[in-house]
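With PDB, C-alpha atoms and all ligand atoms inside, this is query-v7.pdb:
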ATOM      1  CA  MET H  20     138.945 -26.146-177.233
ATOM      2  CA  SER H  21     137.483 -22.712-177.819
ATOM      3  CA  GLY H  22     140.716 -21.547-179.436
ATOM      4  CA  SER H  23     140.856 -24.416-181.908
ATOM      5  CA  GLN H  24     141.780 -23.383-185.406
ATOM      6  CA  GLY H  25     140.803 -26.714-186.894
ATOM      7  CA  GLN H  26     138.297 -26.914-189.727
ATOM      8  CA  GLU H  27     134.832 -27.727-188.558
ATOM      9  CA  PRO H  28     132.659 -30.189-190.435
ATOM     10  CA  ALA H  29     130.141 -28.447-192.679
ATOM     11  CA  THR H  30     127.288 -29.940-190.683
ATOM     12  CA  THR H  31     128.367 -28.285-187.427
ATOM     13  CA  PRO H  32     125.904 -25.517-186.601
ATOM     14  CA  SER H  33     127.431 -22.087-186.103
ATOM     15  CA  ARG H  34     127.714 -20.941-182.511
ATOM     16  CA  GLY H  35     128.444 -17.353-183.404
ATOM     17  CA  ALA H  36     131.531 -15.384-182.472
ATOM     18  CA  ASP H  37     131.769 -16.858-178.980
ATOM     19  CA  ALA H  38     132.434 -20.557-179.244
ATOM     20  CA  ARG H  39     132.762 -20.918-175.463
ATOM     21  CA  ALA H  40     130.044 -22.988-173.891
ATOM     22  CA  PRO H  41     127.696 -21.005-171.636
ATOM     23  CA  ARG H  42     128.888 -21.133-168.054
ATOM     24  CA  ARG H  43     125.783 -22.398-166.346
ATOM     25  CA  ALA H  44     124.514 -25.254-164.217
ATOM     26  CA  GLU H  45     121.241 -26.669-162.992
ATOM     27  CA  ILE H  46     121.114 -28.827-159.901
ATOM     28  CA  GLU H  47     118.394 -30.553-157.911
ATOM     29  CA  ARG H  48     119.273 -32.054-154.565
ATOM     30  CA  SER H  49     116.832 -33.839-152.274
ATOM     31  CA  THR H  50     117.478 -35.120-148.792
ATOM     32  CA  LYS H  51     115.222 -35.999-145.872
ATOM     33  CA  GLU H  52     115.710 -32.414-144.703
ATOM     34  CA  THR H  53     115.475 -30.269-147.832
ATOM     35  CA  ASP H  54     114.638 -30.152-151.524
ATOM     36  CA  VAL H  55     116.773 -27.594-153.347
ATOM     37  CA  ARG H  56     116.383 -26.635-157.006
ATOM     38  CA  LEU H  57     118.894 -24.167-158.356
ATOM     39  CA  SER H  58     119.979 -22.814-161.710
ATOM     40  CA  LEU H  59     123.024 -20.596-162.109
ATOM     41  CA  ALA H  60     124.597 -18.643-164.957
ATOM     42  CA  LEU H  61     127.969 -17.031-164.253
ATOM     43  CA  ASP H  62     127.700 -14.416-166.978
ATOM     44  CA  GLY H  63     124.418 -12.900-165.916
ATOM     45  CA  SER H  64     122.886  -9.758-164.504
ATOM     46  CA  GLY H  65     121.157 -10.699-161.258
ATOM     47  CA  ALA H  66     118.072 -12.152-162.921
ATOM     48  CA  GLY H  67     116.069 -14.953-161.363
ATOM     49  CA  GLU H  68     113.942 -15.615-158.309
ATOM     50  CA  ARG H  69     115.068 -16.658-154.888
ATOM     51  CA  SER H  70     112.552 -18.462-152.691
ATOM     52  CA  THR H  71     114.138 -20.413-149.853
ATOM     53  CA  GLY H  72     111.502 -20.074-147.164
ATOM     54  CA  VAL H  73     113.963 -17.929-145.188
ATOM     55  CA  GLY H  74     113.208 -14.297-145.923
ATOM     56  CA  PHE H  75     116.570 -12.889-144.942
ATOM     57  CA  LEU H  76     118.407 -15.511-147.003
ATOM     58  CA  ASP H  77     116.302 -14.563-150.033
ATOM     59  CA  HIS H  78     117.354 -10.945-149.486
ATOM     60  CA  MET H  79     121.025 -11.962-149.245
ATOM     61  CA  LEU H  80     120.808 -14.162-152.363
ATOM     62  CA  ASP H  81     119.256 -11.239-154.241
ATOM     63  CA  LEU H  82     122.328  -9.184-153.317
ATOM     64  CA  LEU H  83     124.697 -12.000-154.165
ATOM     65  CA  ALA H  84     123.169 -12.448-157.615
ATOM     66  CA  ARG H  85     122.997  -8.749-158.382
ATOM     67  CA  HIS H  86     126.495  -7.838-157.241
ATOM     68  CA  GLY H  87     128.020 -11.085-158.505
ATOM     69  CA  ARG H  88     126.409 -10.603-161.932
ATOM     70  CA  LEU H  89     124.871 -14.035-161.625
ATOM     71  CA  ASP H  90     121.550 -15.211-162.968
ATOM     72  CA  LEU H  91     120.261 -17.311-160.112
ATOM     73  CA  ASP H  92     117.041 -19.170-159.513
ATOM     74  CA  VAL H  93     116.734 -20.900-156.160
ATOM     75  CA  SER H  94     113.751 -22.778-154.800
ATOM     76  CA  VAL H  95     114.006 -24.533-151.445
ATOM     77  CA  ARG H  96     111.507 -26.573-149.490
ATOM     78  CA  GLY H  97     113.067 -27.347-146.153
ATOM     79  CA  ASP H  98     112.259 -28.571-142.666
ATOM     80  CA  LEU H  99     111.868 -25.057-141.269
ATOM     81  CA  GLN H 100     110.120 -26.483-138.215
ATOM     82  CA  THR H 101     113.614 -27.392-137.017
ATOM     83  CA  GLY H 102     114.892 -23.894-137.735
ATOM     84  CA  SER H 103     116.604 -22.518-140.798
ATOM     85  CA  HIS H 104     119.915 -24.350-140.432
ATOM     86  CA  HIS H 105     119.291 -27.142-142.936
ATOM     87  CA  SER H 106     117.754 -24.850-145.541
ATOM     88  CA  VAL H 107     120.581 -22.332-145.345
ATOM     89  CA  GLU H 108     123.389 -24.884-145.345
ATOM     90  CA  ASP H 109     121.880 -26.951-148.155
ATOM     91  CA  THR H 110     121.327 -23.849-150.276
ATOM     92  CA  GLY H 111     125.036 -23.133-149.837
ATOM     93  CA  ILE H 112     125.976 -26.691-150.771
ATOM     94  CA  VAL H 113     123.945 -26.613-153.971
ATOM     95  CA  LEU H 114     125.143 -23.138-154.920
ATOM     96  CA  GLY H 115     128.706 -24.382-154.442
ATOM     97  CA  GLN H 116     128.023 -27.461-156.561
ATOM     98  CA  ALA H 117     126.564 -25.247-159.285
ATOM     99  CA  LEU H 118     129.604 -22.965-159.204
ATOM    100  CA  ASP H 119     131.893 -25.973-159.502
ATOM    101  CA  GLN H 120     129.932 -27.320-162.454
ATOM    102  CA  ALA H 121     129.538 -23.978-164.237
ATOM    103  CA  LEU H 122     133.274 -23.262-163.929
ATOM    104  CA  GLY H 123     134.102 -26.572-165.603
ATOM    105  CA  SER H 124     137.811 -26.896-166.408
ATOM    106  CA  ARG H 125     138.541 -23.354-165.057
ATOM    107  CA  THR H 126     140.179 -22.517-168.380
ATOM    108  CA  GLY H 127     140.679 -18.788-168.873
ATOM    109  CA  ILE H 128     139.398 -17.584-165.506
ATOM    110  CA  ALA H 129     141.086 -14.864-163.450
ATOM    111  CA  ARG H 130     141.141 -17.293-160.474
ATOM    112  CA  TYR H 131     141.663 -14.640-157.780
ATOM    113  CA  GLY H 132     139.245 -11.979-156.655
ATOM    114  CA  TRP H 133     138.969  -9.645-153.717
ATOM    115  CA  ALA H 134     136.697  -6.889-152.504
ATOM    116  CA  THR H 135     136.153  -4.711-149.468
ATOM    117  CA  VAL H 136     132.613  -3.409-149.206
ATOM    118  CA  PRO H 137     131.142  -0.884-146.778
ATOM    119  CA  MET H 138     127.511  -0.903-145.699
ATOM    120  CA  ASP H 139     126.979   2.217-143.654
ATOM    121  CA  GLU H 140     128.869   1.621-140.382
ATOM    122  CA  ALA H 141     129.742  -1.998-141.357
ATOM    123  CA  ARG H 142     132.586  -3.153-143.586
ATOM    124  CA  ALA H 143     133.510  -6.620-144.841
ATOM    125  CA  ALA H 144     136.434  -7.915-146.861
ATOM    126  CA  CYS H 145     136.578 -11.066-148.955
ATOM    127  CA  THR H 146     139.407 -12.708-150.874
ATOM    128  CA  ILE H 147     138.766 -15.707-153.109
ATOM    129  CA  ASP H 148     140.982 -18.223-154.856
ATOM    130  CA  ILE H 149     139.220 -20.673-157.188
ATOM    131  CA  SER H 150     141.876 -23.088-156.012
ATOM    132  CA  GLY H 151     140.455 -26.590-156.049
ATOM    133  CA  ARG H 152     141.155 -26.644-152.314
ATOM    134  CA  PRO H 153     138.102 -26.092-150.118
ATOM    135  CA  PHE H 154     138.834 -23.685-147.291
ATOM    136  CA  LEU H 155     136.938 -20.948-145.473
ATOM    137  CA  ALA H 156     138.535 -18.556-143.005
ATOM    138  CA  PHE H 157     135.693 -16.635-141.385
ATOM    139  CA  SER H 158     136.138 -13.856-138.883
ATOM    140  CA  ALA H 159     133.158 -11.842-137.692
ATOM    141  CA  ALA H 160     131.978 -10.739-134.280
ATOM    142  CA  LEU H 161     128.305 -11.224-135.073
ATOM    143  CA  PRO H 162     125.979 -10.951-132.079
ATOM    144  CA  PRO H 163     123.956 -14.110-131.385
ATOM    145  CA  GLY H 164     120.344 -14.161-132.507
ATOM    146  CA  GLU H 165     118.368 -14.217-135.714
ATOM    147  CA  THR H 166     117.174 -11.782-138.340
ATOM    148  CA  GLY H 167     114.200 -12.609-140.552
ATOM    149  CA  GLY H 168     114.399 -16.318-139.704
ATOM    150  CA  PHE H 169     118.149 -16.429-140.339
ATOM    151  CA  ASP H 170     120.359 -17.332-137.392
ATOM    152  CA  HIS H 171     123.384 -15.052-137.537
ATOM    153  CA  GLU H 172     125.753 -17.963-136.979
ATOM    154  CA  LEU H 173     124.491 -19.463-140.257
ATOM    155  CA  THR H 174     126.436 -16.841-142.171
ATOM    156  CA  GLU H 175     129.607 -18.844-141.589
ATOM    157  CA  GLU H 176     127.821 -22.136-142.326
ATOM    158  CA  PHE H 177     126.523 -20.808-145.641
ATOM    159  CA  PHE H 178     129.895 -19.639-146.892
ATOM    160  CA  ARG H 179     131.647 -22.782-145.630
ATOM    161  CA  ALA H 180     129.139 -24.893-147.570
ATOM    162  CA  ILE H 181     129.870 -22.916-150.737
ATOM    163  CA  ALA H 182     133.638 -23.128-150.256
ATOM    164  CA  ASN H 183     133.527 -26.874-149.674
ATOM    165  CA  ALA H 184     131.231 -27.713-152.563
ATOM    166  CA  ALA H 185     132.854 -25.325-155.061
ATOM    167  CA  LYS H 186     136.345 -26.329-153.893
ATOM    168  CA  LEU H 187     137.410 -22.732-153.464
ATOM    169  CA  THR H 188     139.385 -20.846-150.843
ATOM    170  CA  ALA H 189     137.691 -17.852-149.259
ATOM    171  CA  HIS H 190     138.741 -15.509-146.493
ATOM    172  CA  LEU H 191     135.846 -13.456-145.207
ATOM    173  CA  GLU H 192     136.190 -10.855-142.475
ATOM    174  CA  VAL H 193     133.763  -8.385-140.988
ATOM    175  CA  GLN H 194     136.109  -5.531-140.158
ATOM    176  CA  ALA H 195     133.620  -3.092-138.636
ATOM    177  CA  GLY H 196     129.977  -2.731-137.789
ATOM    178  CA  SER H 197     127.347  -2.666-135.068
ATOM    179  CA  ASN H 198     124.134  -3.398-136.988
ATOM    180  CA  VAL H 199     124.061  -7.126-137.688
ATOM    181  CA  HIS H 200     121.892  -6.774-140.798
ATOM    182  CA  HIS H 201     124.517  -4.440-142.250
ATOM    183  CA  MET H 202     127.404  -6.680-141.170
ATOM    184  CA  ILE H 203     125.964  -9.796-142.818
ATOM    185  CA  GLU H 204     124.885  -7.847-145.880
ATOM    186  CA  ALA H 205     128.427  -6.483-146.273
ATOM    187  CA  CYS H 206     129.694 -10.095-146.134
ATOM    188  CA  PHE H 207     127.420 -11.178-148.967
ATOM    189  CA  LYS H 208     128.263  -8.128-151.070
ATOM    190  CA  ALA H 209     132.008  -8.535-150.553
ATOM    191  CA  PHE H 210     131.768 -12.218-151.431
ATOM    192  CA  ALA H 211     129.712 -11.391-154.522
ATOM    193  CA  ARG H 212     132.193  -8.803-155.785
ATOM    194  CA  ALA H 213     135.200 -11.019-155.085
ATOM    195  CA  LEU H 214     133.524 -13.966-156.778
ATOM    196  CA  HIS H 215     132.641 -11.894-159.816
ATOM    197  CA  ALA H 216     136.307 -10.937-160.197
ATOM    198  CA  ALA H 217     137.591 -14.473-159.607
ATOM    199  CA  VAL H 218     135.321 -16.191-162.127
ATOM    200  CA  ALA H 219     135.772 -13.461-164.752
ATOM    201  CA  LEU H 220     137.368 -14.552-168.000
ATOM    202  CA  ASP H 221     140.853 -13.072-168.407
ATOM    203  CA  PRO H 222     141.575 -12.464-172.114
ATOM    204  CA  THR H 223     145.333 -12.746-171.433
ATOM    205  CA  GLU H 224     144.957 -16.185-169.833
ATOM    206  CA  PRO H 225     145.346 -18.932-172.458
ATOM    207  CA  GLY H 226     144.733 -21.923-170.200
ATOM    208  CA  VAL H 227     144.170 -22.938-166.621
ATOM    209  CA  PRO H 228     145.869 -20.310-164.424
ATOM    210  CA  SER H 229     147.988 -22.704-162.363
ATOM    211  CA  THR H 230     151.633 -23.789-162.543
ATOM    212  CA  LYS H 231     150.333 -27.174-161.451
ATOM    213  CA  GLY H 232     148.188 -27.293-164.566
ATOM    214  CA  THR H 233     144.879 -27.915-162.827
ATOM    215  CA  LEU H 234     142.497 -26.171-160.454
ATOM    216  CA  THR H 235     140.119 -29.059-160.086
TER     217      THR H 235
HETATM  218 MN    MN H 301     119.379  -5.119-146.393
END
Can I see the file as structure tokens?
Ligand SMILES: [Mn+2]
Amino acid sequence: MSGSQGQEPATTPSRGADARAPRRAEIERSTKETDVRLSLALDGSGAGERSTGVGFLDHMLDLLARHGRLDLDVSVRGDLQTGSHHSVEDTGIVLGQALDQALGSRTGIARYGWATVPMDEARAACTIDISGRPFLAFSAALPPGETGGFDHELTEEFFRAIANAAKLTAHLEVQAGSNVHHMIEACFKAFARALHAAVALDPTEPGVPSTKGTLT
């Protein structure tokens, strides 16, 4: 649609040089366990506020937004008396839903992205395919326990929730590390960088980058 050469009716307001619709989404999701409000813009700068009730998750979402060049507002009210599981997983679900919605038809995207990111002694690698097929391969020897209200095992749950809801394939591996804060942080940064590359608009891509003709 954005490449249409057809004449526009005189009453159509100008949308400037970039006729592409903004790649953004706003989602509210309420269950008996959590209320999540989220707004996402893919072509952003890291702006927005993250307030999930889980301090470490807020820190990780700050990184994800900044290094993924996303504008991201997240507000979560969850049943933290049961632990942080529901709040973390549901934040991932809604972020995945917002990615799915903001990506729309997937026209013109790069589709694939990958990144390996060090964080001091830790290192994580992430490869992403905006495939339409939900899949997460997660490999990390994270020690049991929690950091800032965030159970370490929720790292996998968070990324699986995103992969399922956004219908993307992600392989995420912590390749090195001894400090769990660094290891999880490297995961989020690698995912952010890989995602930024995968959702980027490729000027040489005229349609949906699939021989099948669809990524949804
Ligand atoms: Mn940190």
#### Entry: Close residues, H:Phe75 itself excluded, 9 Å, all atoms listed in the file, min 5 positions apart in chain, as a PyMOL selection string
chain H and resi 80+166-169
Within 9 Å of H:Lys51, counting all atoms listed in the file, which residues show up once you throw out same-chain ones fewer than 2 positions away? Write them as a compact mmCIF listing (two decimals) with C-alpha atoms, in the frame of the given file, please.
# COMPACT_ATOMS: atom_id res chain seq x y z
CA SER H 49 116.83 -33.84 -152.27
CA THR H 53 115.48 -30.27 -147.83
CA ASP H 54 114.64 -30.15 -151.52
CA GLY H 97 113.07 -27.35 -146.15
CA ASP H 98 112.26 -28.57 -142.67
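Among the candidates H:Leu122, H:Ile112, H:Ala159, H:Ile46, the residue lying nearest to H:Ile181 is H:Ile112 (atoms considered: all atoms listed in the file).
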### Task
Apply the PyMOL selection byres (((not hetatm)) within 12 of (chain H and resi 301)) to the displayed file and report the matching residues as a ChimeraX atom specification.
/H:74-83,138-139,141,166-167,198-208
### Picked residues, the PyMOL selection byres (((chain H and resi 63-67) around 9) and not hetatm), as an NGL selection string
:H and (58-62 or 68-69 or 81-93)
### Query
For the atom pair atom CA of H:Ala216 and atom CA of H:Glu140, what is the interatomic distance in Å to one decimal place?
24.6 Å
### Message
Can you tell me which residues surround H:Asp109 at a distance of at most 9 Å, considering only C-alpha atoms, apart from same-chain residues fewer than 2 positions away, and format the answer as a ChimeraX atom specification?
### Response
/H:48,52-55,95,104-107,111-114,177,180
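A straight line drawn from atom CA of H:Glu108 to atom CA of H:Phe178 is 8.5 Å long.
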### Task
Place a sphere of radius 12 Å on (136.9, -25.5, -164.2) in the file coordinates and name every protein, DNA or RNA residue with an atom inside or on its surface, counting all atoms listed in the file; give the answer as JSON, numbers by chain.
{"H": [42, 43, 116, 117, 118, 119, 120, 121, 122, 123, 124, 125, 126, 127, 128, 129, 130, 149, 150, 151, 185, 186, 187, 217, 218, 220, 226, 227, 228, 229, 232, 233, 234, 235]}
### Query
Contacts of H:Ala134 at 8 Å or less, counting all atoms listed in the file, minus same-chain residues fewer than 6 places along, as a VMD selection string?
chain H and resid 144 to 146 209 to 210 212 to 213
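Here atom CA of H:Glu47 and atom CA of H:Val73 stand 18.5 Å from one another.
Residue nearest H:Thr71, chosen from H:Thr174, H:Thr50, H:Ser103, H:Ser94 and counting all atoms listed in the file: H:Ser94.
Take the candidates H:Gly132, H:Pro41, H:Gly102, H:Gly164 and check each one against H:Ala189 using all atoms listed in the file; the shortest distance goes to H:Gly132.
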So that all listed atoms of stretch 121-135 of chain H fit with 6 Å spare on each side, what axis-aligned box centre and edge lengths in Å, to one decimal, would you give as JSON?
{"center_x": 135.6, "center_y": -15.8, "center_z": -159.2, "size_x": 24.1, "size_y": 34.2, "size_z": 31.4}
Which polymer residues have any atom within 7 Å of an atom of H:Thr188, counting all atoms listed in the file, with same-chain residues fewer than 4 positions away left out, as an mmCIF file with C-alpha atoms, in the coordinates of the input?
data_model
loop_
_atom_site.group_PDB
_atom_site.id
_atom_site.type_symbol
_atom_site.label_atom_id
_atom_site.label_comp_id
_atom_site.auth_asym_id
_atom_site.auth_seq_id
_atom_site.Cartn_x
_atom_site.Cartn_y
_atom_site.Cartn_z
ATOM 1 C CA ILE H 147 138.766 -15.707 -153.109
ATOM 2 C CA ASP H 148 140.982 -18.223 -154.856
ATOM 3 C CA ILE H 149 139.220 -20.673 -157.188
ATOM 4 C CA SER H 150 141.876 -23.088 -156.012
ATOM 5 C CA ARG H 152 141.155 -26.644 -152.314
ATOM 6 C CA PRO H 153 138.102 -26.092 -150.118
ATOM 7 C CA PHE H 154 138.834 -23.685 -147.291
ATOM 8 C CA LEU H 155 136.938 -20.948 -145.473
ATOM 9 C CA ALA H 182 133.638 -23.128 -150.256
#
